[in-house]
file entry.txt (compact mmCIF, C-alpha atoms and all ligand atoms)
# COMPACT_ATOMS: atom_id res chain seq x y z
CA MET A 238 57.34 63.65 -52.37
CA LYS A 239 57.60 60.26 -50.65
CA ILE A 240 57.71 60.86 -46.92
CA ALA A 241 57.93 58.39 -44.03
CA ILE A 242 56.53 59.52 -40.68
CA VAL A 243 57.46 57.93 -37.35
CA CYS A 244 55.39 58.81 -34.28
CA TYR A 245 53.65 57.42 -31.23
CA PRO A 246 50.34 56.08 -32.53
CA THR A 247 48.44 57.03 -29.37
CA PHE A 248 46.11 59.85 -28.29
CA GLY A 249 49.12 61.96 -27.19
CA GLY A 250 49.63 65.35 -28.81
CA SER A 251 52.73 64.40 -30.79
CA GLY A 252 50.98 61.43 -32.41
CA VAL A 253 47.96 63.57 -33.23
CA VAL A 254 50.11 66.28 -34.84
CA ALA A 255 52.09 63.70 -36.84
CA THR A 256 48.94 61.97 -38.06
CA GLU A 257 47.07 65.14 -39.02
CA LEU A 258 50.17 66.38 -40.83
CA GLY A 259 50.47 63.09 -42.73
CA LEU A 260 46.81 63.21 -43.71
CA ALA A 261 47.18 66.77 -45.02
CA LEU A 262 50.37 65.95 -46.92
CA ALA A 263 48.67 62.95 -48.52
CA GLN A 264 45.75 65.14 -49.54
CA GLN A 265 48.21 67.43 -51.34
CA GLY A 266 49.36 64.42 -53.37
CA ASN A 267 52.43 63.34 -51.40
CA GLU A 268 52.94 59.63 -50.69
CA ILE A 269 52.93 59.14 -46.92
CA HIS A 270 54.15 56.07 -45.03
CA PHE A 271 53.46 55.86 -41.29
CA ILE A 272 55.93 53.52 -39.63
CA THR A 273 55.10 52.68 -36.04
CA TYR A 274 53.99 49.85 -33.73
CA LYS A 275 50.23 50.37 -34.20
CA GLN A 276 48.00 52.22 -36.64
CA PRO A 277 47.81 55.81 -35.34
CA VAL A 278 44.46 56.49 -33.65
CA ARG A 279 43.55 59.42 -35.87
CA LEU A 280 44.49 57.51 -39.02
CA ASP A 281 41.09 55.99 -39.70
CA ALA A 282 41.45 55.15 -43.39
CA LEU A 283 44.35 54.19 -45.58
CA SER A 284 44.42 55.04 -49.28
CA GLU A 285 46.55 54.96 -52.39
CA ASN A 286 49.01 57.52 -51.00
CA LEU A 287 48.50 56.86 -47.30
CA HIS A 288 50.20 53.74 -45.95
CA PHE A 289 50.87 52.17 -42.57
CA HIS A 290 53.72 49.76 -41.85
CA GLU A 291 53.69 48.02 -38.49
CA VAL A 292 56.89 47.63 -36.50
CA ASN A 293 56.90 44.24 -34.79
CA VAL A 294 59.07 43.49 -31.80
CA PRO A 295 59.12 39.73 -31.23
CA ASP A 296 59.22 38.65 -27.60
CA TYR A 297 62.38 36.84 -26.60
CA PRO A 298 62.77 35.61 -23.02
CA LEU A 299 66.41 36.69 -22.76
CA PHE A 300 65.43 40.34 -23.03
CA GLN A 301 64.06 42.13 -20.02
CA PHE A 302 63.32 45.04 -22.41
CA GLN A 303 62.41 44.28 -26.01
CA PRO A 304 64.65 46.38 -28.35
CA TYR A 305 62.06 48.57 -30.12
CA GLU A 306 64.61 51.02 -31.60
CA LEU A 307 66.42 48.13 -33.24
CA ALA A 308 63.24 46.80 -34.84
CA LEU A 309 62.23 50.33 -35.86
CA SER A 310 65.55 51.17 -37.50
CA SER A 311 65.54 47.85 -39.40
CA LYS A 312 61.98 48.46 -40.55
CA LEU A 313 62.92 51.98 -41.65
CA VAL A 314 65.77 50.64 -43.77
CA ASP A 315 63.48 48.06 -45.42
CA MET A 316 60.64 50.52 -46.06
CA VAL A 317 62.94 53.27 -47.40
CA LYS A 318 64.39 50.83 -49.92
CA LEU A 319 61.07 49.25 -50.87
CA HIS A 320 59.09 52.47 -51.28
CA LYS A 321 61.94 54.76 -52.32
CA ILE A 322 61.26 57.12 -49.42
CA GLU A 323 62.89 60.52 -49.92
CA VAL A 324 62.53 62.08 -46.45
CA LEU A 325 62.02 60.69 -42.96
CA HIS A 326 60.11 62.86 -40.46
CA VAL A 327 60.31 61.67 -36.86
CA HIS A 328 58.05 63.08 -34.17
CA TYR A 329 59.23 62.95 -30.54
CA ALA A 330 62.98 62.52 -30.17
CA ILE A 331 62.93 59.43 -27.96
CA PRO A 332 63.71 56.92 -29.36
CA HIS A 333 62.63 57.97 -32.85
CA ALA A 334 65.46 60.38 -33.71
CA TYR A 335 67.96 57.82 -32.46
CA ALA A 336 66.46 54.99 -34.56
CA ALA A 337 66.33 57.34 -37.55
CA TYR A 338 70.05 58.06 -37.23
CA MET A 339 70.84 54.32 -37.15
CA ALA A 340 68.69 53.76 -40.25
CA LYS A 341 70.43 56.62 -42.02
CA LYS A 342 73.84 55.10 -41.27
CA MET A 343 72.77 51.63 -42.44
CA LEU A 344 71.42 53.09 -45.66
CA GLN A 345 74.58 55.16 -46.18
CA ASP A 346 76.45 51.86 -46.30
CA GLN A 347 74.31 50.98 -49.30
CA ARG A 348 74.79 54.45 -50.88
CA ILE A 349 71.17 55.43 -50.19
CA LYS A 350 70.43 58.87 -48.78
CA LEU A 351 67.87 59.45 -46.06
CA PRO A 352 67.42 63.05 -44.88
CA ILE A 353 65.98 63.21 -41.36
CA VAL A 354 63.66 65.88 -39.97
CA THR A 355 63.14 65.68 -36.20
CA THR A 356 60.25 67.47 -34.52
CA LEU A 357 60.60 68.04 -30.78
CA HIS A 358 57.27 67.97 -28.95
CA GLY A 359 57.78 68.60 -25.26
CA THR A 360 58.29 65.85 -22.76
CA ASP A 361 60.96 64.34 -25.05
CA ILE A 362 62.98 67.40 -23.98
CA THR A 363 61.60 68.78 -20.75
CA LEU A 364 60.69 65.68 -18.73
CA VAL A 365 62.28 62.59 -20.21
CA GLY A 366 64.95 63.60 -22.72
CA SER A 367 67.02 65.70 -20.38
CA HIS A 368 67.19 62.94 -17.76
CA PRO A 369 70.85 61.87 -17.35
CA PHE A 370 69.92 58.32 -18.46
CA TYR A 371 68.90 59.58 -21.91
CA LYS A 372 70.53 62.98 -22.34
CA SER A 373 73.63 62.01 -24.36
CA ALA A 374 71.66 59.95 -26.87
CA VAL A 375 68.98 62.62 -27.26
CA GLU A 376 71.53 65.40 -27.73
CA PHE A 377 73.42 63.29 -30.27
CA SER A 378 70.32 62.45 -32.30
CA ILE A 379 69.12 66.06 -32.38
CA ASN A 380 72.55 67.24 -33.54
CA HIS A 381 72.65 64.55 -36.25
CA SER A 382 69.21 65.26 -37.69
CA ASP A 383 69.34 67.20 -40.96
CA CYS A 384 66.61 69.61 -39.83
CA VAL A 385 65.13 70.12 -36.38
CA THR A 386 61.83 71.77 -35.55
CA SER A 387 60.12 72.51 -32.27
CA VAL A 388 56.44 73.22 -31.68
CA SER A 389 56.95 76.47 -29.74
CA GLU A 390 59.48 79.19 -29.00
CA SER A 391 59.39 78.09 -25.39
CA LEU A 392 60.35 74.51 -26.27
CA LYS A 393 63.14 75.77 -28.53
CA GLN A 394 64.54 77.77 -25.60
CA ASP A 395 64.21 74.80 -23.22
CA THR A 396 66.09 72.63 -25.73
CA LEU A 397 68.91 75.15 -26.03
CA ASP A 398 69.06 75.52 -22.24
CA LEU A 399 69.07 71.79 -21.50
CA PHE A 400 71.30 70.45 -24.27
CA ASN A 401 74.40 71.43 -26.18
CA ILE A 402 72.73 71.93 -29.56
CA ARG A 403 74.69 72.77 -32.69
CA LYS A 404 71.74 72.61 -35.08
CA GLU A 405 69.39 75.46 -35.90
CA ILE A 406 65.95 74.78 -34.42
CA GLN A 407 63.06 76.14 -36.46
CA VAL A 408 59.78 76.78 -34.66
CA ILE A 409 56.73 75.43 -36.46
CA PRO A 410 53.72 75.66 -34.17
CA ASN A 411 51.08 72.96 -33.91
CA PHE A 412 47.95 73.41 -35.98
CA VAL A 413 44.25 72.64 -36.30
CA ASP A 414 42.16 71.69 -39.30
CA PHE A 415 39.19 74.05 -39.47
CA THR A 416 37.67 72.24 -42.44
CA LYS A 417 37.20 69.05 -40.46
CA HIS A 418 35.80 70.11 -37.15
CA SER A 419 34.75 73.65 -36.50
CA ASN A 420 31.55 73.93 -38.51
CA HIS A 421 29.19 71.61 -36.73
CA SER A 422 27.94 73.78 -33.88
CA GLU A 423 24.32 73.03 -34.85
CA GLU A 424 24.95 69.32 -34.16
CA CYS A 425 26.20 69.92 -30.62
CA GLU A 426 24.00 67.79 -28.47
CA ARG A 427 24.65 69.42 -25.11
CA GLY A 428 21.35 68.05 -23.83
CA VAL A 429 22.87 64.58 -23.51
CA ILE A 430 25.38 65.84 -20.95
CA ALA A 431 23.84 68.78 -19.11
CA GLN A 432 20.60 70.61 -18.48
CA SER A 433 20.05 73.87 -20.33
CA HIS A 434 20.88 76.04 -17.30
CA GLU A 435 24.18 74.25 -16.63
CA ARG A 436 27.57 75.35 -17.96
CA ILE A 437 29.83 72.64 -19.41
CA ILE A 438 33.53 72.58 -18.59
CA SER A 439 35.98 70.14 -20.13
CA HIS A 440 39.51 68.82 -19.80
CA VAL A 441 41.37 66.50 -22.19
CA SER A 442 44.72 64.89 -21.38
CA ASN A 443 46.63 61.73 -20.58
CA PHE A 444 46.01 62.26 -16.83
CA ARG A 445 49.72 62.07 -16.04
CA PRO A 446 51.01 63.99 -13.00
CA VAL A 447 52.25 66.78 -15.31
CA LYS A 448 48.62 67.59 -16.23
CA ARG A 449 47.64 68.29 -12.59
CA ILE A 450 44.16 66.85 -12.97
CA MET A 451 43.55 67.22 -9.22
CA ASP A 452 43.71 70.96 -9.88
CA VAL A 453 41.06 70.52 -12.59
CA VAL A 454 38.60 68.85 -10.23
CA LYS A 455 39.35 71.30 -7.38
CA ILE A 456 38.81 74.29 -9.69
CA PHE A 457 35.56 72.72 -10.84
CA GLU A 458 34.45 72.12 -7.25
CA LYS A 459 34.80 75.86 -6.58
CA ILE A 460 32.92 76.70 -9.78
CA LEU A 461 30.15 74.30 -8.78
CA ASN A 462 29.72 76.14 -5.48
CA GLU A 463 28.63 79.19 -7.49
CA ILE A 464 27.23 77.95 -10.80
CA PRO A 465 25.29 74.87 -11.93
CA ALA A 466 27.78 73.02 -14.12
CA LYS A 467 29.10 69.72 -15.42
CA LEU A 468 32.75 68.70 -15.89
CA ILE A 469 33.72 66.31 -18.69
CA MET A 470 37.10 64.60 -18.20
CA VAL A 471 38.40 62.99 -21.41
CA GLY A 472 41.40 60.65 -21.24
CA GLU A 473 43.04 57.88 -19.27
CA GLY A 474 46.12 57.84 -17.11
CA PRO A 475 47.73 57.29 -13.73
CA ASP A 476 45.96 60.10 -11.83
CA LYS A 477 42.43 59.21 -12.91
CA GLU A 478 41.64 56.99 -9.91
CA LYS A 479 42.76 59.64 -7.43
CA ALA A 480 40.62 62.30 -9.12
CA MET A 481 37.57 60.00 -9.21
CA GLU A 482 38.01 59.17 -5.53
CA TYR A 483 38.26 62.86 -4.69
CA CYS A 484 35.04 63.63 -6.59
CA ALA A 485 33.22 60.82 -4.78
CA LYS A 486 34.51 61.95 -1.38
CA GLN A 487 33.45 65.54 -2.03
CA GLY A 488 30.03 64.41 -3.28
CA ILE A 489 30.48 66.00 -6.71
CA ASP A 490 30.70 62.75 -8.67
CA ASP A 491 27.25 63.26 -10.20
CA SER A 492 28.55 66.42 -11.85
CA VAL A 493 31.85 65.01 -13.13
CA LYS A 494 31.86 62.58 -16.07
CA PHE A 495 35.06 60.62 -16.73
CA ILE A 496 34.55 59.33 -20.26
CA GLY A 497 37.97 57.71 -20.85
CA LYS A 498 39.96 57.77 -24.08
CA SER A 499 37.74 58.99 -26.84
CA ASN A 500 37.58 59.74 -30.52
CA GLN A 501 34.72 62.11 -29.67
CA VAL A 502 36.93 64.96 -28.42
CA PHE A 503 35.49 67.44 -30.90
CA GLU A 504 31.92 66.49 -29.99
CA VAL A 505 32.71 67.20 -26.33
CA LEU A 506 34.44 70.49 -27.18
CA CYS A 507 31.52 71.43 -29.38
CA TYR A 508 29.23 71.83 -26.37
CA SER A 509 31.86 73.01 -23.86
CA ASP A 510 31.77 76.53 -22.41
CA LEU A 511 35.24 76.45 -20.86
CA PHE A 512 38.39 74.32 -21.11
CA ILE A 513 40.77 73.90 -18.16
CA LEU A 514 44.48 73.04 -18.63
CA PRO A 515 46.46 73.72 -15.43
CA SER A 516 49.58 71.71 -16.45
CA GLU A 517 52.89 71.75 -14.63
CA THR A 518 54.68 71.97 -18.01
CA GLU A 519 53.23 72.20 -21.49
CA SER A 520 55.42 72.87 -24.50
CA PHE A 521 52.46 73.98 -26.61
CA GLY A 522 49.09 72.69 -25.40
CA LEU A 523 47.48 71.25 -28.51
CA ALA A 524 44.42 70.33 -26.44
CA ALA A 525 43.93 74.03 -25.66
CA LEU A 526 44.25 74.99 -29.32
CA GLU A 527 41.71 72.33 -30.33
CA ALA A 528 39.34 73.75 -27.71
CA MET A 529 39.85 77.27 -29.06
CA MET A 530 39.11 76.14 -32.60
CA MET A 531 35.79 74.84 -31.26
CA LYS A 532 35.03 78.25 -29.68
CA VAL A 533 35.97 77.25 -26.15
CA PRO A 534 37.90 79.78 -23.99
CA VAL A 535 40.80 78.39 -21.97
CA ILE A 536 41.80 78.71 -18.32
CA SER A 537 45.39 77.50 -18.15
CA SER A 538 48.65 77.74 -16.32
CA ASN A 539 51.24 80.11 -17.79
CA THR A 540 53.87 77.45 -18.17
CA GLY A 541 55.98 76.62 -21.26
CA GLY A 542 54.41 77.50 -24.60
CA LEU A 543 50.85 77.98 -23.35
CA SER A 544 51.08 81.76 -23.59
CA GLU A 545 51.93 81.37 -27.30
CA VAL A 546 48.48 79.79 -27.74
CA ASN A 547 46.14 81.12 -25.03
CA VAL A 548 46.10 84.92 -25.03
CA GLU A 549 45.62 86.50 -21.58
CA GLY A 550 42.36 88.44 -21.28
CA LYS A 551 41.31 87.60 -24.84
CA THR A 552 40.97 83.84 -25.41
CA GLY A 553 41.13 82.98 -21.72
CA PHE A 554 43.29 83.56 -18.66
CA LEU A 555 46.67 82.24 -17.52
CA PHE A 556 47.85 81.69 -13.95
CA ASP A 557 50.87 80.43 -12.09
CA VAL A 558 50.99 76.65 -11.81
CA GLY A 559 48.87 75.56 -8.85
CA ASP A 560 46.87 78.79 -8.50
CA ILE A 561 43.57 76.96 -8.08
CA ASN A 562 41.83 79.95 -6.47
CA GLY A 563 42.84 82.33 -9.28
CA MET A 564 41.73 79.87 -11.97
CA ALA A 565 38.40 79.22 -10.23
CA LYS A 566 37.70 82.94 -9.67
CA LYS A 567 38.23 83.88 -13.33
CA SER A 568 36.29 80.82 -14.52
CA ILE A 569 33.33 81.89 -12.40
CA GLU A 570 33.55 85.49 -13.67
CA LEU A 571 33.51 84.29 -17.27
CA LEU A 572 30.81 81.68 -16.83
CA LYS A 573 28.48 84.08 -15.01
CA ASN A 574 28.63 86.73 -17.72
CA ASP A 575 26.89 85.66 -20.96
CA ASP A 576 28.19 88.57 -23.06
CA LEU A 577 31.77 88.25 -21.84
CA LEU A 578 31.72 84.48 -22.36
CA GLU A 579 30.40 84.91 -25.90
CA GLN A 580 33.14 87.45 -26.65
CA PHE A 581 35.84 85.08 -25.35
CA LYS A 582 34.39 82.21 -27.38
CA THR A 583 34.60 84.27 -30.56
CA ASN A 584 38.10 85.51 -29.70
CA ALA A 585 39.25 81.95 -29.02
CA GLN A 586 38.14 80.73 -32.41
CA ASN A 587 39.59 83.76 -34.21
CA GLU A 588 42.95 83.29 -32.48
CA ALA A 589 42.97 79.59 -33.43
CA ARG A 590 42.73 80.61 -37.10
CA LYS A 591 46.36 81.78 -36.83
CA PHE A 592 47.24 78.09 -36.44
CA ASP A 593 45.36 76.89 -39.48
CA LEU A 594 46.71 73.68 -40.97
CA ASN A 595 47.14 75.07 -44.49
CA GLN A 596 49.82 77.56 -43.51
CA ILE A 597 51.71 75.01 -41.44
CA VAL A 598 51.83 72.19 -44.00
CA ASP A 599 53.68 74.42 -46.45
CA ARG A 600 56.26 75.19 -43.79
CA TYR A 601 56.94 71.49 -43.28
CA ILE A 602 57.23 70.98 -47.06
CA ALA A 603 59.87 73.74 -47.10
CA ILE A 604 61.73 71.96 -44.29
CA TYR A 605 61.68 68.68 -46.24
CA GLN A 606 63.16 70.49 -49.21
CA ASP A 607 65.89 71.98 -47.01
CA ALA A 608 66.64 68.53 -45.60
CA LEU A 609 66.99 67.07 -49.10
CA VAL A 610 69.63 69.71 -49.89
CA LEU A 611 71.44 69.40 -46.56
CA ASP A 612 71.82 65.59 -46.55
O1 LIG B 1 50.91 66.14 -23.33
C1 LIG B 1 51.49 65.07 -23.34
O2 LIG B 1 51.95 64.54 -22.34
C2 LIG B 1 51.68 64.33 -24.63
C3 LIG B 1 52.83 64.90 -25.36
C4 LIG B 1 53.19 64.11 -26.57
O3 LIG B 1 54.33 64.19 -26.94
O4 LIG B 1 52.40 63.39 -27.16
O5 LIG B 1 52.49 66.25 -25.69
C5 LIG B 1 53.49 67.16 -26.00
O6 LIG B 1 53.37 67.40 -27.40
C6 LIG B 1 52.17 68.07 -27.79
C7 LIG B 1 52.15 68.16 -29.30
O7 LIG B 1 53.22 68.91 -29.79
C8 LIG B 1 52.11 69.45 -27.11
O8 LIG B 1 50.94 70.11 -27.51
C9 LIG B 1 52.10 69.24 -25.59
O9 LIG B 1 52.14 70.51 -24.96
C10 LIG B 1 53.32 68.44 -25.17
N1 LIG B 1 53.18 68.09 -23.75
C11 LIG B 1 53.97 68.59 -22.82
O10 LIG B 1 54.89 69.38 -23.04
C12 LIG B 1 53.68 68.13 -21.44
call {"tool": "encode", "arguments": {"input": "entry.txt", "output": "structure tokens", "more": "lines below"}}
Ligand code: GMT
result
Amino acid sequence: MKIAIVCYPTFGGSGVVATELGLALAQQGNEIHFITYKQPVRLDALSENLHFHEVNVPDYPLFQFQPYELALSSKLVDMVKLHKIEVLHVHYAIPHAYAAYMAKKMLQDQRIKLPIVTTLHGTDITLVGSHPFYKSAVEFSINHSDCVTSVSESLKQDTLDLFNIRKEIQVIPNFVDFTKHSNHSEECERGVIAQSHERIISHVSNFRPVKRIMDVVKIFEKILNEIPAKLIMVGEGPDKEKAMEYCAKQGIDDSVKFIGKSNQVFEVLCYSDLFILPSETESFGLAALEAMMMKVPVISSNTGGLSEVNVEGKTGFLFDVGDINGMAKKSIELLKNDDLLEQFKTNAQNEARKFDLNQIVDRYIAIYQDALVLD
């Protein structure tokens, strides 16, 4: 099949899911065309059936805001015609589903069909999409997609609660690729980060307010009062400065490493003993699933779809948003008990196997086939 994928090319979860899916589809022999404003970060090599087409938005002084959706929908039309694309899969509704609809209409004018599959990821519904400034356009573009998927049951419910949706929403959870990452435990160089008696705790996110990274450092501070440990903070974003200042003020900055945006996430997870994700909202929590695949138990909030990934008392523990004391107490209990920690590590990896890429790719293929019939 010839499939075009539109996504955000950044480190965000939706871009990661879109890229990993494209890579897997290409490996199965499908021809994949990524269409976005920059080469996706996890798309390191292009090949005969893996292509990237850049969307350019020329600056023009008249515009206060450059019209990206317009450039994207034009590019989609051109690429669909040039490469005979059969299906368009857009990740993150804003503005991708909207641009996809415009491209579909333009192509219809030329008697060319373009079935659209829209995957909802989280903030496109819960934080941004439902804002009155965007709501009508988001609702319209979801209802005019040929097939709609969401990454969790929780996100599906949020979508139905927040919008007037006439389309069926199919839940296809996010996934991890065990063949790529989970087998290199012998290469984990924990010595570069911590001494042998120290536990290693990690957090990966975009450091936006929704991730509550101040909770992460406060939980760690309480852990550090009881256990020798290091905290690795992976990512960049608006709350990073505040968290760094807090660590310096509390005198724990020697134990907290902020390593910025990184392609080394799996190396960090490889030597981590615990992953902390105390988010305000989280439709799925791909970062938690990636940690679990790497045998890292998760302490998280119980918001959104996190309980569909992190299993209470088995792969980790879940708490109400903001329950720093509860999260710290359970972290300490786990980290102090070698046998219990080992059990949770094994459980985490076993649970992650339920989200193995191979099962999920086939579900997307089935959706593409449905979309071809529906259009
Ligand atoms: O977490 C983010 O803010 C990034 C965002 C995105 O769209 O890139 O992530 C959302 O999509 C991920 C992939 O489906 C989910 O795992 C995240 O839970 C979701 N984030 C939120 O709902 C806050």
call {"tool": "residues_around", "arguments": {"input": "entry.txt", "residues": "region 502-516 of chain A", "least_positions_apart": "6", "cutoff": "6 Å", "atoms": "all atoms listed in the file", "output": "compact mmCIF listing (two decimals) with C-alpha atoms, in the frame of the given file"}}
result
# COMPACT_ATOMS: atom_id res chain seq x y z
CA CYS A 425 26.20 69.92 -30.62
CA ARG A 427 24.65 69.42 -25.11
CA ILE A 437 29.83 72.64 -19.41
CA ILE A 438 33.53 72.58 -18.59
CA SER A 439 35.98 70.14 -20.13
CA HIS A 440 39.51 68.82 -19.80
CA VAL A 447 52.25 66.78 -15.31
CA LYS A 448 48.62 67.59 -16.23
CA ARG A 449 47.64 68.29 -12.59
CA ALA A 528 39.34 73.75 -27.71
CA MET A 531 35.79 74.84 -31.26
CA VAL A 533 35.97 77.25 -26.15
CA PRO A 534 37.90 79.78 -23.99
CA VAL A 535 40.80 78.39 -21.97
CA ILE A 536 41.80 78.71 -18.32
CA SER A 537 45.39 77.50 -18.15
CA SER A 538 48.65 77.74 -16.32
call {"tool": "residues_around", "arguments": {"input": "entry.txt", "residues": "region 241-258 of chain A", "least_positions_apart": "5", "cutoff": "6 Å", "atoms": "only C-alpha atoms", "output": "PyMOL selection string"}}
result
chain A and resi 269-273+275+277-278+325-328
call {"tool": "residues_near_ligand", "arguments": {"input": "entry.txt", "ligand": "ligand LIG 1 (chain B)", "cutoff": "6 Å", "atoms": "only C-alpha atoms and all ligand atoms", "output": "tab-separated table (two decimals) with C-alpha atoms, in the frame of the given file"}}
result
chain	number	residue	atom	x	y	z
A	249	GLY	CA	49.12	61.96	-27.19
A	250	GLY	CA	49.63	65.35	-28.81
A	251	SER	CA	52.73	64.40	-30.79
A	252	GLY	CA	50.98	61.43	-32.41
A	358	HIS	CA	57.27	67.97	-28.95
A	359	GLY	CA	57.78	68.60	-25.26
A	360	THR	CA	58.29	65.85	-22.76
A	388	VAL	CA	56.44	73.22	-31.68
A	518	THR	CA	54.68	71.97	-18.01
A	519	GLU	CA	53.23	72.20	-21.49
A	520	SER	CA	55.42	72.87	-24.50
A	521	PHE	CA	52.46	73.98	-26.61
A	522	GLY	CA	49.09	72.69	-25.40
A	523	LEU	CA	47.48	71.25	-28.51
call {"tool": "residues_near_point", "arguments": {"input": "entry.txt", "point": "(63.4, 57.4, -30.7)", "cutoff": "9 Å", "atoms": "all atoms listed in the file", "output": "list in words"}}
result
Val243, Cys244, Tyr305, Glu306, Leu309, Val327, His328, Tyr329, Ala330, Ile331, Pro332, His333, Ala334, Tyr335, Ala336, Ala337, Val375 and Ser378 of chain A
call {"tool": "closest_residue", "arguments": {"input": "entry.txt", "among": "A:Asn286, A:Asn443, A:Gln347, A:Gln276", "to": "Lys498 (chain A)", "atoms": "all atoms listed in the file"}}
result
A:Asn443
call {"tool": "residues_around", "arguments": {"input": "entry.txt", "residues": "Lys567 (chain A)", "least_positions_apart": "5", "cutoff": "9 Å", "atoms": "all atoms listed in the file", "output": "MDAnalysis selection string"}}
result
chainID A and resid 536 553:554 562 572
call {"tool": "atom_distance", "arguments": {"input": "entry.txt", "atom1": "CA of Gly259 (chain A)", "atom2": "CA of Gly541 (chain A)"}}
result
26.0 Å
call {"tool": "closest_residue", "arguments": {"input": "entry.txt", "among": "A:Asp346, A:Asp414, A:Glu458, A:Asp398", "to": "Ser568 (chain A)", "atoms": "only C-alpha atoms"}}
result
A:Glu458
call {"tool": "atom_distance", "arguments": {"input": "entry.txt", "atom1": "CA of Glu473 (chain A)", "atom2": "CA of Ser442 (chain A)"}}
result
7.5 Å
call {"tool": "closest_residue", "arguments": {"input": "entry.txt", "among": "A:Phe581, A:Phe457, A:Tyr371, A:Phe302", "to": "Lys566 (chain A)", "atoms": "all atoms listed in the file"}}
result
A:Phe457
call {"tool": "closest_residue", "arguments": {"input": "entry.txt", "among": "A:Met316, A:Val610, A:Ile604, A:Ala466", "to": "Val408 (chain A)", "atoms": "all atoms listed in the file"}}
result
A:Ile604
call {"tool": "closest_residue", "arguments": {"input": "entry.txt", "among": "A:Leu571, A:Leu283, A:Leu319, A:Ala485", "to": "Gln264 (chain A)", "atoms": "only C-alpha atoms"}}
result
A:Leu283
call {"tool": "closest_residue", "arguments": {"input": "entry.txt", "among": "A:Gln501, A:Thr363, A:Ser391, A:Thr386", "to": "Leu543 (chain A)", "atoms": "all atoms listed in the file"}}
result
A:Ser391
call {"tool": "atom_distance", "arguments": {"input": "entry.txt", "atom1": "CA of Asn584 (chain A)", "atom2": "CA of Ser499 (chain A)"}}
result
26.7 Å
call {"tool": "residues_around", "arguments": {"input": "entry.txt", "residues": "Thr396 (chain A)", "least_positions_apart": "2", "cutoff": "9 Å", "atoms": "all atoms listed in the file", "output": "ChimeraX atom specification"}}
result
/A:357,362-363,367,387,391-394,398-402,406
call {"tool": "axis_aligned_box", "arguments": {"input": "entry.txt", "around": "region 297-312 of chain A", "padding_each_side": "6 Å", "output": "lines of an AutoDock Vina configuration file"}}
result
center_x = 64.2
center_y = 43.4
center_z = -30.3
size_x = 16.4
size_y = 27.6
size_z = 32.5
